[in-house]
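**Student:** Next comes the structure file coords_21.txt, holding compact mmCIF, C-alpha atoms.
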```txt
# COMPACT_ATOMS: atom_id res chain seq x y z
CA MET A 1 126.21 86.46 109.08
CA PRO A 2 124.92 83.76 106.77
CA ASN A 3 121.41 82.50 107.09
CA SER A 4 121.32 78.95 108.45
CA PRO A 5 119.69 76.45 106.10
CA ALA A 6 119.94 73.66 108.70
CA THR A 7 116.72 74.79 110.34
CA SER A 8 114.79 75.93 107.29
CA ALA A 9 112.83 72.66 107.26
CA PRO A 10 110.22 73.33 104.58
CA ASN A 11 107.08 71.40 105.30
CA PRO A 12 107.03 68.84 102.46
CA LEU A 13 103.24 69.11 102.40
CA ASN A 14 103.32 72.76 101.47
CA VAL A 15 105.98 73.77 98.96
CA ARG A 16 104.14 76.99 98.21
CA LEU A 17 104.20 78.16 101.83
CA ALA A 18 107.87 77.15 102.12
CA ARG A 19 108.69 79.41 99.19
CA GLN A 20 106.77 82.32 100.71
CA ILE A 21 108.66 81.82 103.97
CA GLU A 22 112.00 82.05 102.12
CA PHE A 23 110.81 85.38 100.70
CA ILE A 24 110.03 86.56 104.26
CA VAL A 25 113.48 85.48 105.46
CA GLU A 26 115.16 87.30 102.56
CA THR A 27 113.23 90.49 103.32
CA ASP A 28 114.58 90.41 106.89
CA ARG A 29 117.53 92.22 105.28
CA LEU A 30 115.42 95.41 105.15
CA LYS A 31 116.27 95.91 108.84
CA GLU A 32 119.92 96.42 107.87
CA ILE A 33 119.33 99.09 105.21
CA PHE A 34 120.06 102.35 107.00
CA ARG A 35 118.81 105.76 105.96
CA GLN A 36 120.24 109.25 106.46
CA THR A 37 117.43 110.24 108.82
CA LEU A 38 117.99 109.82 112.57
CA ASN A 39 115.43 108.43 115.01
CA THR A 40 114.26 111.04 117.51
CA ARG A 41 115.29 109.29 120.75
CA SER A 42 118.46 107.21 120.21
CA ARG A 43 119.67 109.50 117.39
CA ARG A 44 120.91 106.46 115.47
CA ALA A 45 120.12 106.11 111.76
CA GLU A 46 116.64 104.86 110.99
CA ASN A 47 116.43 101.63 108.99
CA ASP A 48 114.01 100.85 106.17
CA ALA A 49 111.93 98.36 108.17
CA GLU A 50 111.29 100.92 110.93
CA HIS A 51 110.60 103.57 108.30
CA SER A 52 108.07 101.31 106.57
CA TRP A 53 106.24 100.65 109.85
CA ALA A 54 106.20 104.37 110.66
CA LEU A 55 104.56 105.08 107.29
CA CYS A 56 101.90 102.46 108.03
CA LEU A 57 101.07 104.24 111.28
CA LEU A 58 100.98 107.61 109.50
CA VAL A 59 98.60 106.20 106.89
CA ILE A 60 96.05 104.93 109.41
CA THR A 61 96.39 107.97 111.70
CA LEU A 62 96.30 110.70 109.05
CA ALA A 63 94.08 109.18 106.35
CA GLU A 64 91.47 111.90 106.91
CA HIS A 65 93.99 114.47 105.60
CA ALA A 66 94.36 112.84 102.20
CA ASN A 67 93.07 114.94 99.31
CA PHE A 68 90.80 112.06 98.31
CA PRO A 69 87.66 111.08 100.24
CA GLN A 70 87.46 107.62 98.62
CA LEU A 71 90.87 106.19 99.40
CA ASP A 72 91.51 102.42 99.30
CA LEU A 73 93.50 102.31 102.54
CA LEU A 74 94.35 98.63 102.18
CA ARG A 75 96.15 99.36 98.91
CA VAL A 76 97.93 102.37 100.43
CA LEU A 77 99.17 100.16 103.26
CA LYS A 78 100.28 97.39 100.91
CA MET A 79 102.27 99.98 98.94
CA VAL A 80 104.08 101.40 101.96
CA ILE A 81 104.76 97.89 103.34
CA VAL A 82 106.61 96.83 100.16
CA HIS A 83 107.82 100.19 98.79
CA ASP A 84 111.41 99.94 100.07
CA LEU A 85 112.06 96.20 99.59
CA VAL A 86 113.98 97.06 96.42
CA GLU A 87 116.56 98.82 98.62
CA ILE A 88 117.69 95.41 99.91
CA ASP A 89 119.61 95.18 96.63
CA ALA A 90 119.72 98.80 95.46
CA GLY A 91 120.49 100.47 98.80
CA ASP A 92 118.94 103.63 100.17
CA THR A 93 119.31 106.70 97.96
CA PHE A 94 119.30 109.93 99.98
CA ALA A 95 116.56 112.26 98.81
CA TYR A 96 119.10 115.01 98.00
CA ASP A 97 121.73 112.78 96.36
CA THR A 98 121.21 113.88 92.75
CA LYS A 99 124.13 111.78 91.49
CA ASN A 100 122.74 108.45 92.68
CA MET A 101 119.18 109.45 91.89
CA ALA A 102 119.98 109.44 88.16
CA ASP A 103 119.94 105.65 87.82
CA GLN A 104 117.94 104.94 90.98
CA HIS A 105 114.83 103.66 89.25
CA ALA A 106 116.80 101.37 86.93
CA ARG A 107 118.70 99.83 89.86
CA GLU A 108 115.55 99.41 91.88
CA SER A 109 113.67 97.87 88.99
CA VAL A 110 116.26 95.07 88.71
CA ALA A 111 115.96 94.58 92.47
CA ALA A 112 112.18 94.36 92.26
CA ASP A 113 112.47 91.57 89.68
CA ARG A 114 114.77 89.54 91.90
CA ILE A 115 113.11 90.09 95.28
CA PHE A 116 109.45 89.78 94.26
CA GLY A 117 110.53 86.89 92.01
CA LEU A 118 111.29 84.83 95.11
CA LEU A 119 107.54 84.41 95.63
CA PRO A 120 105.37 81.68 94.03
CA ALA A 121 104.50 82.35 90.41
CA ASP A 122 101.24 84.26 90.89
CA GLN A 123 102.47 86.65 93.60
CA PRO A 124 105.32 88.69 92.09
CA ALA A 125 102.95 90.41 89.67
CA GLU A 126 100.78 91.86 92.47
CA MET A 127 103.82 93.03 94.48
CA ARG A 128 105.41 94.53 91.38
CA ALA A 129 102.17 96.29 90.47
CA LEU A 130 102.04 97.83 93.95
CA TRP A 131 105.62 99.07 93.65
CA ASP A 132 105.08 100.38 90.11
CA GLU A 133 101.93 102.19 91.27
CA PHE A 134 103.83 103.74 94.18
CA GLU A 135 106.65 104.86 91.91
CA ALA A 136 104.33 106.34 89.27
CA ARG A 137 102.38 108.48 91.80
CA ALA A 138 99.42 108.65 89.42
CA THR A 139 96.61 107.17 91.56
CA PRO A 140 95.12 108.77 94.71
CA GLU A 141 96.48 105.85 96.76
CA ALA A 142 100.02 106.29 95.41
CA LYS A 143 99.89 110.07 95.86
CA PHE A 144 98.95 109.69 99.52
CA ALA A 145 101.53 106.92 100.08
CA ALA A 146 104.22 109.12 98.51
CA ALA A 147 103.09 112.09 100.62
CA VAL A 148 103.64 110.25 103.92
CA ASP A 149 106.91 108.80 102.56
CA ARG A 150 108.19 112.38 102.07
CA PHE A 151 106.55 113.91 105.12
CA HIS A 152 107.89 111.50 107.74
CA PRO A 153 111.63 112.03 107.05
CA MET A 154 111.02 115.80 107.17
CA LEU A 155 109.33 115.37 110.55
CA LEU A 156 112.22 113.28 111.91
CA ASN A 157 114.74 115.79 110.58
CA CYS A 158 112.89 118.66 112.25
CA ARG A 159 112.83 116.75 115.54
CA THR A 160 116.56 115.97 115.42
CA GLU A 161 117.70 119.59 114.90
CA GLY A 162 118.02 119.01 111.15
CA ALA A 163 120.84 116.49 111.64
CA ALA A 164 120.67 114.82 108.20
CA TRP A 165 120.11 118.15 106.41
CA ARG A 166 123.06 119.80 108.15
CA LYS A 167 125.32 116.79 107.58
CA HIS A 168 124.71 117.01 103.84
CA GLY A 169 124.46 120.80 103.52
CA VAL A 170 120.87 120.73 102.31
CA THR A 171 119.10 124.11 102.08
CA SER A 172 115.45 124.95 102.72
CA ASP A 173 114.71 125.70 99.07
CA ARG A 174 115.89 122.21 98.12
CA VAL A 175 113.80 120.65 100.90
CA LEU A 176 110.72 122.50 99.66
CA ALA A 177 111.37 121.65 96.00
CA ARG A 178 112.08 117.97 96.67
CA ASN A 179 109.01 117.45 98.83
CA ALA A 180 106.46 119.66 97.09
CA HIS A 181 104.61 116.61 95.74
CA ILE A 182 103.33 116.02 99.29
CA ALA A 183 100.65 118.53 98.21
CA GLU A 184 99.39 116.09 95.56
CA GLY A 185 98.54 113.58 98.29
CA SER A 186 97.59 115.88 101.14
CA ALA A 187 97.27 119.66 101.04
CA ALA A 188 97.01 119.67 104.85
CA LEU A 189 100.28 117.75 105.31
CA TRP A 190 102.05 120.05 102.86
CA THR A 191 100.87 123.16 104.70
CA TYR A 192 102.11 121.62 107.94
CA ALA A 193 105.42 120.63 106.31
CA GLN A 194 106.01 124.20 105.07
CA HIS A 195 105.48 125.49 108.62
CA MET A 196 107.97 122.89 109.91
CA VAL A 197 110.58 123.99 107.38
CA ALA A 198 110.11 127.64 108.24
CA ALA A 199 110.51 126.84 111.95
CA ALA A 200 113.62 124.74 111.24
CA VAL A 201 115.19 127.66 109.36
CA GLU A 202 114.28 130.04 112.18
CA ALA A 203 115.81 127.66 114.77
CA GLY A 204 119.03 127.46 112.74
CA HIS A 205 118.57 123.72 111.95
CA LEU A 206 118.24 124.21 108.21
CA ALA A 207 120.14 126.63 105.96
CA LYS A 208 118.11 129.12 103.94
CA MET B 1 117.95 112.27 124.07
CA PRO B 2 115.05 114.65 124.57
CA ASN B 3 112.78 115.54 121.74
CA SER B 4 113.26 119.13 120.61
CA PRO B 5 110.14 121.26 120.93
CA ALA B 6 111.85 124.20 119.22
CA THR B 7 110.99 122.84 115.79
CA SER B 8 107.58 121.33 116.52
CA ALA B 9 105.85 124.37 115.02
CA PRO B 10 102.23 123.23 114.96
CA ASN B 11 100.39 124.84 112.11
CA PRO B 12 97.98 127.17 113.92
CA LEU B 13 95.40 126.46 111.22
CA ASN B 14 95.23 122.79 112.07
CA VAL B 15 95.35 122.00 115.77
CA ARG B 16 93.93 118.54 115.12
CA LEU B 17 96.75 117.58 112.74
CA ALA B 18 99.33 119.02 115.15
CA ARG B 19 98.02 116.74 117.89
CA GLN B 20 98.16 113.71 115.58
CA ILE B 21 101.76 114.59 114.70
CA GLU B 22 102.70 114.66 118.40
CA PHE B 23 101.26 111.12 118.67
CA ILE B 24 103.45 110.07 115.72
CA VAL B 25 106.54 111.60 117.34
CA GLU B 26 105.78 109.85 120.64
CA THR B 27 105.40 106.48 118.88
CA ASP B 28 108.90 106.91 117.40
CA ARG B 29 109.95 105.37 120.74
CA LEU B 30 108.79 101.96 119.45
CA LYS B 31 112.11 101.75 117.57
CA GLU B 32 113.93 101.61 120.90
CA ILE B 33 111.91 98.77 122.44
CA PHE B 34 114.09 95.70 121.90
CA ARG B 35 112.89 92.12 121.88
CA GLN B 36 114.64 88.86 122.75
CA THR B 37 114.55 87.66 119.14
CA LEU B 38 117.58 88.34 116.95
CA ASN B 39 117.46 89.55 113.35
CA THR B 40 118.78 86.95 110.93
CA ARG B 41 121.62 88.96 109.37
CA SER B 42 123.13 91.35 111.93
CA ARG B 43 122.18 89.09 114.86
CA ARG B 44 121.28 92.16 116.89
CA ALA B 45 118.01 92.23 118.86
CA GLU B 46 114.95 93.04 116.82
CA ASN B 47 112.97 96.11 117.88
CA ASP B 48 109.20 96.45 118.02
CA ALA B 49 108.95 98.75 115.00
CA GLU B 50 110.82 96.29 112.78
CA HIS B 51 108.76 93.46 114.21
CA SER B 52 105.52 95.30 113.45
CA TRP B 53 106.58 95.91 109.86
CA ALA B 54 107.56 92.25 109.45
CA LEU B 55 104.09 91.20 110.61
CA CYS B 56 102.53 93.53 108.01
CA LEU B 57 104.53 91.82 105.28
CA LEU B 58 103.57 88.37 106.60
CA VAL B 59 99.90 89.36 106.60
CA ILE B 60 99.83 90.45 102.96
CA THR B 61 102.09 87.61 101.79
CA LEU B 62 100.42 84.76 103.68
CA ALA B 63 96.78 85.86 103.85
CA GLU B 64 95.72 82.88 101.72
CA HIS B 65 96.79 80.55 104.56
CA ALA B 66 94.38 82.06 107.10
CA ASN B 67 91.66 79.67 108.25
CA PHE B 68 89.05 82.20 107.16
CA PRO B 69 88.23 82.90 103.51
CA GLN B 70 86.51 86.24 104.28
CA LEU B 71 89.22 88.09 106.14
CA ASP B 72 89.14 91.90 106.49
CA LEU B 73 92.83 92.41 105.69
CA LEU B 74 92.71 96.15 106.39
CA ARG B 75 91.66 95.46 109.96
CA VAL B 76 94.30 92.75 110.36
CA LEU B 77 96.94 95.25 109.21
CA LYS B 78 95.66 98.00 111.50
CA MET B 79 95.90 95.57 114.41
CA VAL B 80 99.47 94.54 113.72
CA ILE B 81 100.54 98.17 113.09
CA VAL B 82 99.36 99.27 116.57
CA HIS B 83 99.56 96.01 118.57
CA ASP B 84 102.90 96.74 120.27
CA LEU B 85 102.57 100.50 120.88
CA VAL B 86 101.67 99.71 124.50
CA GLU B 87 105.21 98.38 124.93
CA ILE B 88 106.53 101.96 124.70
CA ASP B 89 105.44 102.25 128.34
CA ALA B 90 105.09 98.60 129.41
CA GLY B 91 108.23 97.21 127.76
CA ASP B 92 108.53 93.96 125.84
CA THR B 93 107.53 90.85 127.78
CA PHE B 94 109.38 87.75 126.54
CA ALA B 95 106.94 85.04 125.50
CA TYR B 96 108.40 82.58 128.03
CA ASP B 97 108.74 85.01 130.95
CA THR B 98 105.89 83.68 133.12
CA LYS B 99 106.73 86.03 136.00
CA ASN B 100 106.26 89.22 134.01
CA MET B 101 103.37 87.79 132.00
CA ALA B 102 101.21 87.72 135.15
CA ASP B 103 100.49 91.46 135.15
CA GLN B 104 101.35 92.09 131.49
CA HIS B 105 97.82 92.90 130.36
CA ALA B 106 97.20 95.28 133.27
CA ARG B 107 100.45 97.17 132.56
CA GLU B 108 99.72 97.33 128.85
CA SER B 109 96.16 98.50 129.41
CA VAL B 110 97.39 101.56 131.32
CA ALA B 111 99.87 102.20 128.50
CA ALA B 112 97.11 101.97 125.89
CA ASP B 113 95.11 104.64 127.73
CA ARG B 114 98.06 107.03 127.79
CA ILE B 115 99.43 106.46 124.28
CA PHE B 116 96.18 106.29 122.31
CA GLY B 117 94.95 109.16 124.51
CA LEU B 118 97.47 111.46 122.82
CA LEU B 119 95.25 111.47 119.73
CA PRO B 120 92.30 113.84 119.11
CA ALA B 121 89.16 112.88 121.02
CA ASP B 122 87.52 110.61 118.41
CA GLN B 123 90.61 108.55 117.56
CA PRO B 124 91.70 106.78 120.77
CA ALA B 125 88.52 104.68 120.79
CA GLU B 126 89.25 103.11 117.38
CA MET B 127 92.90 102.43 118.26
CA ARG B 128 91.93 100.97 121.63
CA ALA B 129 89.25 98.79 119.99
CA LEU B 130 91.88 97.42 117.57
CA TRP B 131 94.23 96.61 120.44
CA ASP B 132 91.45 95.05 122.56
CA GLU B 133 90.36 92.95 119.57
CA PHE B 134 93.93 91.78 119.01
CA GLU B 135 94.35 90.88 122.67
CA ALA B 136 91.02 89.00 122.89
CA ARG B 137 91.78 86.77 119.86
CA ALA B 138 88.07 86.15 119.32
CA THR B 139 87.55 87.40 115.75
CA PRO B 140 89.00 85.80 112.60
CA GLU B 141 91.07 88.96 112.01
CA ALA B 142 92.54 88.87 115.53
CA LYS B 143 93.22 85.13 115.31
CA PHE B 144 95.20 85.58 112.11
CA ALA B 145 97.04 88.65 113.45
CA ALA B 146 97.97 86.72 116.59
CA ALA B 147 99.09 83.75 114.47
CA VAL B 148 101.63 85.80 112.51
CA ASP B 149 102.70 87.55 115.74
CA ARG B 150 103.62 84.13 117.21
CA PHE B 151 104.91 82.57 113.99
CA HIS B 152 107.43 85.25 113.04
CA PRO B 153 109.53 85.13 116.25
CA MET B 154 109.64 81.32 115.91
CA LEU B 155 110.89 81.73 112.36
CA LEU B 156 113.60 84.20 113.40
CA ASN B 157 114.64 81.94 116.27
CA CYS B 158 114.91 78.96 113.93
CA ARG B 159 117.05 81.02 111.52
CA THR B 160 119.40 82.22 114.30
CA GLU B 161 120.21 78.74 115.65
CA GLY B 162 117.65 79.16 118.43
CA ALA B 163 119.63 82.01 120.01
CA ALA B 164 116.84 83.47 122.17
CA TRP B 165 115.54 80.02 123.16
CA ARG B 166 119.00 78.80 124.20
CA LYS B 167 119.78 82.02 126.08
CA HIS B 168 116.66 81.55 128.21
CA GLY B 169 116.71 77.73 128.44
CA VAL B 170 113.39 77.34 126.65
CA THR B 171 112.40 73.77 125.69
CA SER B 172 110.48 72.52 122.66
CA ASP B 173 107.41 71.52 124.68
CA ARG B 174 107.13 75.09 126.00
CA VAL B 175 107.55 76.50 122.49
CA LEU B 176 104.78 74.26 121.20
CA ALA B 177 102.47 74.99 124.15
CA ARG B 178 103.02 78.76 124.00
CA ASN B 179 102.44 79.02 120.27
CA ALA B 180 99.69 76.43 119.74
CA HIS B 181 97.11 79.17 119.16
CA ILE B 182 98.73 79.81 115.77
CA ALA B 183 96.43 76.95 114.69
CA GLU B 184 93.36 79.08 115.48
CA GLY B 185 94.47 81.62 112.87
CA SER B 186 96.16 79.38 110.33
CA ALA B 187 96.32 75.59 110.34
CA ALA B 188 98.91 75.71 107.56
CA LEU B 189 101.24 78.02 109.51
CA TRP B 190 100.92 75.84 112.61
CA THR B 191 101.83 72.70 110.65
CA TYR B 192 104.83 74.53 109.23
CA ALA B 193 105.78 75.82 112.69
CA GLN B 194 105.71 72.31 114.15
CA HIS B 195 108.07 71.13 111.39
CA MET B 196 110.38 74.06 112.17
CA VAL B 197 110.45 73.18 115.86
CA ALA B 198 111.19 69.52 115.13
CA ALA B 199 114.06 70.55 112.83
CA ALA B 200 115.42 72.97 115.46
CA VAL B 201 115.46 70.16 118.03
CA GLU B 202 117.16 67.83 115.56
CA ALA B 203 119.79 70.50 114.79
CA GLY B 204 120.48 70.99 118.51
CA HIS B 205 119.17 74.58 118.52
CA LEU B 206 116.28 73.87 120.88
CA ALA B 207 116.23 71.58 123.92
CA LYS B 208 113.68 68.77 123.94
```
Before we go any further, please render this structure as structure tokens.

**Tutor:**
Amino acid sequence: MPNSPATSAPNPLNVRLARQIEFIVETDRLKEIFRQTLNTRSRRAENDAEHSWALCLLVITLAEHANFPQLDLLRVLKMVIVHDLVEIDAGDTFAYDTKNMADQHARESVAADRIFGLLPADQPAEMRALWDEFEARATPEAKFAAAVDRFHPMLLNCRTEGAAWRKHGVTSDRVLARNAHIAEGSAALWTYAQHMVAAAVEAGHLAK
Amino acid sequence: MPNSPATSAPNPLNVRLARQIEFIVETDRLKEIFRQTLNTRSRRAENDAEHSWALCLLVITLAEHANFPQLDLLRVLKMVIVHDLVEIDAGDTFAYDTKNMADQHARESVAADRIFGLLPADQPAEMRALWDEFEARATPEAKFAAAVDRFHPMLLNCRTEGAAWRKHGVTSDRVLARNAHIAEGSAALWTYAQHMVAAAVEAGHLAK
């Protein structure tokens, strides 16, 4: 349904805040971007807003397992909070969808320009830098953020009898190859993830 | 649907991490706790996980509008990430439901003990301290976290033609009284909120 401008009522005293609020309202669309992964209880598809919150909770709960003792947790959180906003325009690309992954970054980069560009002039650069850092996976903060972003869907898949994997015919070797960079952010999480995959294969929830 | 223990497969090398993962799986229930507020696009009820993510984005986007120049943003984010976990057991209490608000804190306190208690022995205390700080609204960080927690539902209500307010017969004086403490966290947000309420009344989306 369309957003209703009748009640937008920007405070004339604060044009800057009004513009930031319009950015917030636009990003409400993240709740309607659905992923392949199912939530553990309702078994409905998880959306990107829920996913982003779940990563935040993983970050603050599991920070001790990062490979890096001196992690800037605030920057990790900022990255996971904004990392999927580009999917408002570009849509979710399933981690094993090699066809759509080919131009994924190009599509998402255009989306980043538009969505972060809704903010007042000084703010898009910081948001874009956070997203670029997340995508590049070069810093400790980005490596840990990327690790939880890969680990959590694996966890949900394992706790829903491999529903998304089975639906798309994904095999364990592909799961391990696609998610191996978890080890760059957290050796402990990667060890745990490998055990999960082995158990999923054993339980018949993931093809070998 | 029940969670499937067959694939939980705790890594025997890391009992601590396995326990943290069980906490994460339990908190997946937050996605099924629905609020009275509607999302702006689908017009379905917002859930607590989406709400918590939205608050995170508000915090990092609007931090400059806090009343306090020296805000510990990491602590504000930690508070909003965990602030509604108690509702997994206690359910969502609508902001204008005076009957259920009477024992809300007592119910949520029991929930906090159980849910944070799933974590390894040293972690519940930090999570509980974050939740207690949020509830007490005494520190600058808690005041700003509480401000965005009140502001965002008002914003969604204003952008959905006052759907939740009209459904429950809420009037503008109650909205203003219930949310006035936004001013303690951000004078700018409270000024904006008052303009929103006035516009909602003028548009016929909120009773006077």

**Student:** If I take atom CA of Thr98 of chain B and atom CA of Ala187 of chain B, how far is one from the other in Å, to one decimal?

**Tutor:**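 Result for atom CA of Thr98 of chain B versus atom CA of Ala187 of chain B: 26.0 Å, one decimal.
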
**Student:** Would you work out the distance separating atom CA of Asn47 of chain A from atom CA of Ala106 of chain A, expressed in Å to one decimal?

**Tutor:**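 Pair atom CA of Asn47 of chain A / atom CA of Ala106 of chain A returns 22.1 Å.
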
**Student:** Pick the closest to Lys31 of chain A from A:Leu74, A:Ile60, A:Ile88, A:Ile182: which is it, counting only C-alpha atoms?

**Tutor:**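 Nearest to Lys31 of chain A: A:Ile88.
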
**Student:** Compile the contact shell of Asp84 of chain B as a VMD selection string: residues with an atom at most 8 Å away, counting all atoms listed in the file, same-chain residues fewer than 6 positions apart removed.

**Tutor:** chain B and resid 30 48 52

**Student:** Please identify all polymer residues within 12 Å of Leu71 of chain B, counting only C-alpha atoms, omitting same-chain residues fewer than 6 positions from it, and present them as a list in words.

**Tutor:** Val59, Ile60, Leu62, Ala63, Glu64, His65, Leu77, Thr139, Pro140, Glu141, Ala142, Lys143, Phe144, Ala145, Gly185 and Ser186 of chain B

**Student:** Give me the residues within 6 Å of segment 117-132 of chain B as a list in words, counting all atoms listed in the file and dropping any in the same chain fewer than 6 places off.

**Tutor:** Gln20, Phe23, Met79 and His83 of chain B

**Student:** Could you save the residues just selected, with C-alpha atoms, as a compact mmCIF listing (two decimals), keeping the file's coordinate frame?

**Tutor:**
```
# COMPACT_ATOMS: atom_id res chain seq x y z
CA GLN B 20 98.16 113.71 115.58
CA PHE B 23 101.26 111.12 118.67
CA MET B 79 95.90 95.57 114.41
CA HIS B 83 99.56 96.01 118.57
```

**Student:** Given the choices B:Thr93, B:Thr171, B:Asn157, B:Thr40, which gets closest to chain A if the distance is worked out from only C-alpha atoms?

**Tutor:**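 Counting only C-alpha atoms, the residue closest to chain A is B:Thr40.
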
**Student:** Hey, can you check how far atom CA of Thr160 of chain A sits from atom CA of Asn100 of chain A?

**Tutor:**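 These two atoms are separated by 24.7 Å.
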
**Student:** With distances taken over all atoms listed in the file, which residue among B:Leu156, B:Val170, B:Ala146, B:Asn67 lies nearest Arg41 of chain B?

**Tutor:** B:Leu156

**Student:** Have a look at B:Ala180, B:Leu58, B:Leu73, B:Leu38 and name the one nearest to Cys158 of chain B; count all atoms listed in the file.

**Tutor:**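 Once distances to Cys158 of chain B are computed over all atoms listed in the file, the minimum belongs to B:Leu38.
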
**Student:** Do a neighbour search on Ile24 of chain B at 9 Å with all atoms listed in the file, toss out local chain neighbours closer than 6 positions, and write the hits as a list in words.

**Tutor:**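 Here the answer would be Ala54, Leu57, Leu58 and Thr61 of chain A.
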
**Student:** Considering all atoms listed in the file, state which residue in the set B:Ala199, B:Ile21, B:Val148, B:Ala177 is at the smallest distance from chain A.

**Tutor:** B:Ala199

**Student:** Take segment 181-194 of chain A, model N, CA, C and O atoms, and hand the result over as a short mmCIF file (atom, residue, chain, number, x, y, z; two decimals), in the frame of the given file.

**Tutor:**
```cif
data_model
loop_
_atom_site.label_atom_id
_atom_site.label_comp_id
_atom_site.auth_asym_id
_atom_site.auth_seq_id
_atom_site.Cartn_x
_atom_site.Cartn_y
_atom_site.Cartn_z
N HIS A 181 105.69 117.51 96.20
CA HIS A 181 104.61 116.61 95.74
C HIS A 181 103.80 116.04 96.91
O HIS A 181 102.82 115.33 96.67
N ILE A 182 104.21 116.34 98.15
CA ILE A 182 103.33 116.02 99.29
C ILE A 182 101.95 116.62 99.04
O ILE A 182 100.93 116.00 99.35
N ALA A 183 101.92 117.82 98.45
CA ALA A 183 100.65 118.53 98.21
C ALA A 183 99.70 117.73 97.32
O ALA A 183 98.49 117.85 97.44
N GLU A 184 100.26 116.91 96.43
CA GLU A 184 99.39 116.09 95.56
C GLU A 184 98.62 115.03 96.34
O GLU A 184 97.57 114.56 95.92
N GLY A 185 99.20 114.61 97.47
CA GLY A 185 98.54 113.58 98.29
C GLY A 185 97.75 114.16 99.44
O GLY A 185 96.71 113.61 99.83
N SER A 186 98.26 115.28 99.98
CA SER A 186 97.59 115.88 101.14
C SER A 186 97.97 117.34 101.25
O SER A 186 99.08 117.69 101.65
N ALA A 187 97.03 118.21 100.91
CA ALA A 187 97.27 119.66 101.04
C ALA A 187 97.54 120.02 102.50
O ALA A 187 98.40 120.87 102.79
N ALA A 188 96.84 119.36 103.43
CA ALA A 188 97.01 119.67 104.85
C ALA A 188 98.42 119.32 105.32
O ALA A 188 99.05 120.09 106.06
N LEU A 189 98.93 118.16 104.92
CA LEU A 189 100.28 117.75 105.31
C LEU A 189 101.32 118.70 104.72
O LEU A 189 102.33 119.00 105.34
N TRP A 190 101.08 119.15 103.51
CA TRP A 190 102.05 120.05 102.86
C TRP A 190 102.09 121.40 103.56
O TRP A 190 103.15 121.98 103.78
N THR A 191 100.91 121.91 103.94
CA THR A 191 100.87 123.16 104.70
C THR A 191 101.66 123.00 106.01
O THR A 191 102.48 123.86 106.37
N TYR A 192 101.40 121.89 106.68
CA TYR A 192 102.11 121.62 107.94
C TYR A 192 103.61 121.53 107.69
O TYR A 192 104.42 122.07 108.45
N ALA A 193 104.00 120.83 106.63
CA ALA A 193 105.42 120.63 106.31
C ALA A 193 106.10 121.98 106.05
O ALA A 193 107.23 122.21 106.48
N GLN A 194 105.42 122.88 105.35
CA GLN A 194 106.01 124.20 105.07
C GLN A 194 106.24 124.98 106.37
O GLN A 194 107.26 125.65 106.52
#
```
